[in-house]
Amino acid sequence: TTLFGTALAVATVTAAVLAATQGLPGVGDGSAADAPPASASGPAGSGAPDGPGDRDTPAPPSPPPSSSPSPSDGADGLPPGYRTHHAPEGFSVALPEGWERLDTSRGADRGYRVTFGADGDPRTLAVTYGTRVGSDAVAVWRDDVEPRLERSEDGYERVGGIRATTYQGREAADMEWYATVDGTRVRTFGRGFLLGGGRGFSLRWTTPAADREEPASREALRTFLRTFRPAAD
């Protein structure tokens with residue numbers, strides 16, 4: 001993974017991204033799971049290369065990376081430098097070496113958000129779980145998540161439409177958006193999916209907008225989507 005910008009820029013972007021995730025669905029009120037491929041967060045990131053200042057004519061989103069293993073994956077099915085993390089909340093996901101839990105927020109009705117990252121790396125993955133999610137994955141993003149993003153994130157701008165999809169055999173939806181963090185444009189890909197009974201997860205993948213098409217970032221998102229496993233019922 002390449003390092004982006006100066007150490008100061010890295011610190012400010014990562015801190016602001018963490019702050020922007022607070023109070024979103026699944027945390028604080030347990031009301032909704034985030035949804036889409038994330039930059040990803042992704043929930044989630046998941047388009048063509050973009051740089052800061054593309055707010056007026058955002059590039060259309062590109063399809064998320066294939067979830068099938070690449071030829072370079074090891075015997076355990078993971079790319080070199082990745083390991084499977086088993087969260088105490090019950091879910092698991094493969095993370096780059098050196099990544100750890102940066103922040104945990106818990107809300108009502110057993111909802112939570114866990115954010116992963118590493119020092120010196122401005123990218124983050126946020127995993128959100130909610131227990132009072134609606135029954136329409138697209139509507140969760142449109143009616144619950146997006147209004148909160150518009151209020152909480154500076155320079156919020158959605159990229160394209162909210163896309164219905166299927167993830168691990170479940171109803172899901174993807175949404176991508178820009179925000180500005182201390183003068184740096186970041187992009188998030190979110191994927192949200194429903195478990196039934198009002199429960200749902202989202203993955204949000206957030207990166208500096210100019211760097212989201214870096215091979216290492218695309219491999220990271222592909223690996224997150226392929227390896228994430230929700231807690232057993």
# chains A, B, ... in the order shown; residues from 1 in each chain; ligands from 1
call {"tool": "residues_around", "arguments": {"residues": "segment 228-230 of chain A", "least_positions_apart": "5", "cutoff": "6 Å", "atoms": "only C-alpha atoms", "output": "ChimeraX atom specification"}}
result
/A:91-93
call {"tool": "residues_around", "arguments": {"residues": "Gly169 of chain A", "least_positions_apart": "3", "cutoff": "12 Å", "atoms": "only C-alpha atoms", "output": "PyMOL selection string"}}
result
chain A and resi 165-166+172+193-195
call {"tool": "write_last_selection", "arguments": {"atoms": "N, CA, C and O atoms", "output": "CSV table (one decimal), in the first residue's frame"}}
result
chain,number,residue,atom,x,y,z
A,165,THR,N,-28.3,-4.5,-5.5
A,165,THR,CA,-27.4,-5.7,-5.9
A,165,THR,C,-27.7,-6.8,-4.9
A,165,THR,O,-28.6,-6.8,-4.1
A,166,THR,N,-27.0,-7.9,-5.1
A,166,THR,CA,-27.1,-9.0,-4.2
A,166,THR,C,-25.7,-9.3,-3.6
A,166,THR,O,-24.7,-9.3,-4.4
A,172,ALA,N,-29.1,-6.4,-1.2
A,172,ALA,CA,-28.0,-5.4,-0.9
A,172,ALA,C,-28.2,-4.1,-1.7
A,172,ALA,O,-28.9,-4.1,-2.7
A,193,PHE,N,-26.3,-4.6,3.3
A,193,PHE,CA,-27.1,-5.8,3.0
A,193,PHE,C,-27.9,-6.2,4.2
A,193,PHE,O,-27.6,-5.9,5.4
A,194,LEU,N,-29.0,-6.8,3.9
A,194,LEU,CA,-30.0,-7.1,4.9
A,194,LEU,C,-29.9,-8.6,5.3
A,194,LEU,O,-29.7,-9.5,4.5
A,195,LEU,N,-30.1,-8.8,6.6
A,195,LEU,CA,-30.1,-10.2,7.2
A,195,LEU,C,-31.5,-10.7,7.5
A,195,LEU,O,-31.6,-11.9,7.7
call {"tool": "atom_distance", "arguments": {"atom1": "atom CA of Gly183 of chain A", "atom2": "atom CA of Pro96 of chain A"}}
result
26.9 Å
call {"tool": "select_by_dssp", "arguments": {"residues": "segment 140-206 of chain A", "states": "alpha helix (DSSP H)", "output": "JSON list (two decimals) with all heavy atoms, in the first residue's frame"}}
result
[["chain", "number", "residue", "atom", "x", "y", "z"],
["A", 146, "GLU", "N", -28.36, 8.80, 3.69],
["A", 146, "GLU", "CA", -27.97, 10.01, 2.95],
["A", 146, "GLU", "C", -28.34, 11.30, 3.66],
["A", 146, "GLU", "O", -27.52, 12.24, 3.71],
["A", 146, "GLU", "CB", -28.53, 9.98, 1.53],
["A", 146, "GLU", "CG", -28.00, 11.13, 0.68],
["A", 146, "GLU", "CD", -28.26, 10.94, -0.80],
["A", 146, "GLU", "OE1", -29.40, 10.53, -1.15],
["A", 146, "GLU", "OE2", -27.35, 11.18, -1.59],
["A", 147, "PRO", "N", -29.55, 11.44, 4.24],
["A", 147, "PRO", "CA", -29.84, 12.69, 4.94],
["A", 147, "PRO", "C", -28.86, 12.98, 6.07],
["A", 147, "PRO", "O", -28.50, 14.14, 6.32],
["A", 147, "PRO", "CB", -31.26, 12.46, 5.49],
["A", 147, "PRO", "CG", -31.86, 11.48, 4.53],
["A", 147, "PRO", "CD", -30.73, 10.56, 4.17],
["A", 148, "ARG", "N", -28.38, 11.95, 6.74],
["A", 148, "ARG", "CA", -27.40, 12.15, 7.81],
["A", 148, "ARG", "C", -26.06, 12.59, 7.24],
["A", 148, "ARG", "O", -25.37, 13.44, 7.82],
["A", 148, "ARG", "CB", -27.24, 10.88, 8.62],
["A", 148, "ARG", "CG", -28.53, 10.42, 9.27],
["A", 148, "ARG", "CD", -28.30, 9.17, 10.09],
["A", 148, "ARG", "NE", -29.57, 8.63, 10.56],
["A", 148, "ARG", "CZ", -29.72, 7.97, 11.69],
["A", 148, "ARG", "NH1", -28.68, 7.78, 12.47],
["A", 148, "ARG", "NH2", -30.91, 7.49, 12.05],
["A", 149, "LEU", "N", -25.66, 11.99, 6.12],
["A", 149, "LEU", "CA", -24.40, 12.40, 5.49],
["A", 149, "LEU", "C", -24.47, 13.85, 5.04],
["A", 149, "LEU", "O", -23.48, 14.59, 5.18],
["A", 149, "LEU", "CB", -24.12, 11.49, 4.29],
["A", 149, "LEU", "CG", -23.82, 10.02, 4.60],
["A", 149, "LEU", "CD1", -23.72, 9.23, 3.29],
["A", 149, "LEU", "CD2", -22.54, 9.88, 5.42],
["A", 150, "GLU", "N", -25.60, 14.26, 4.50],
["A", 150, "GLU", "CA", -25.74, 15.65, 4.04],
["A", 150, "GLU", "C", -25.58, 16.63, 5.19],
["A", 150, "GLU", "O", -25.06, 17.74, 5.01],
["A", 150, "GLU", "CB", -27.09, 15.83, 3.36],
["A", 150, "GLU", "CG", -27.21, 15.12, 2.02],
["A", 150, "GLU", "CD", -28.62, 15.16, 1.46],
["A", 150, "GLU", "OE1", -29.59, 15.29, 2.24],
["A", 150, "GLU", "OE2", -28.74, 15.06, 0.22],
["A", 151, "ARG", "N", -26.00, 16.22, 6.36],
["A", 151, "ARG", "CA", -25.88, 17.10, 7.53],
["A", 151, "ARG", "C", -24.50, 17.05, 8.16],
["A", 151, "ARG", "O", -24.03, 18.05, 8.71],
["A", 151, "ARG", "CB", -26.93, 16.72, 8.59],
["A", 151, "ARG", "CG", -28.37, 16.96, 8.20],
["A", 151, "ARG", "CD", -29.28, 16.84, 9.40],
["A", 151, "ARG", "NE", -29.24, 15.52, 10.01],
["A", 151, "ARG", "CZ", -30.06, 14.53, 9.71],
["A", 151, "ARG", "NH1", -30.98, 14.70, 8.76],
["A", 151, "ARG", "NH2", -29.96, 13.36, 10.32],
["A", 152, "SER", "N", -23.84, 15.91, 8.11],
["A", 152, "SER", "CA", -22.62, 15.72, 8.91],
["A", 152, "SER", "C", -21.32, 15.83, 8.14],
["A", 152, "SER", "O", -20.27, 16.06, 8.74],
["A", 152, "SER", "CB", -22.67, 14.35, 9.60],
["A", 152, "SER", "OG", -22.61, 13.31, 8.64]]
call {"tool": "atom_distance", "arguments": {"atom1": "atom CA of Thr206 of chain A", "atom2": "atom CA of Arg123 of chain A"}}
result
5.5 Å
call {"tool": "atom_distance", "arguments": {"atom1": "atom CA of Asp174 of chain A", "atom2": "atom CA of Gly98 of chain A"}}
result
27.5 Å
call {"tool": "closest_residue", "arguments": {"among": "A:Thr115, A:Ser105, A:Thr227, A:Thr184", "to": "Asp154 of chain A", "atoms": "only C-alpha atoms"}}
result
A:Thr184
call {"tool": "closest_residue", "arguments": {"among": "A:Tyr178, A:Tyr129, A:Tyr82, A:Phe189", "to": "Arg163 of chain A", "atoms": "only C-alpha atoms"}}
result
A:Phe189
call {"tool": "closest_residue", "arguments": {"among": "A:Thr128, A:Thr104, A:Ser135, A:Thr84", "to": "Ser202 of chain A", "atoms": "only C-alpha atoms"}}
result
A:Thr128
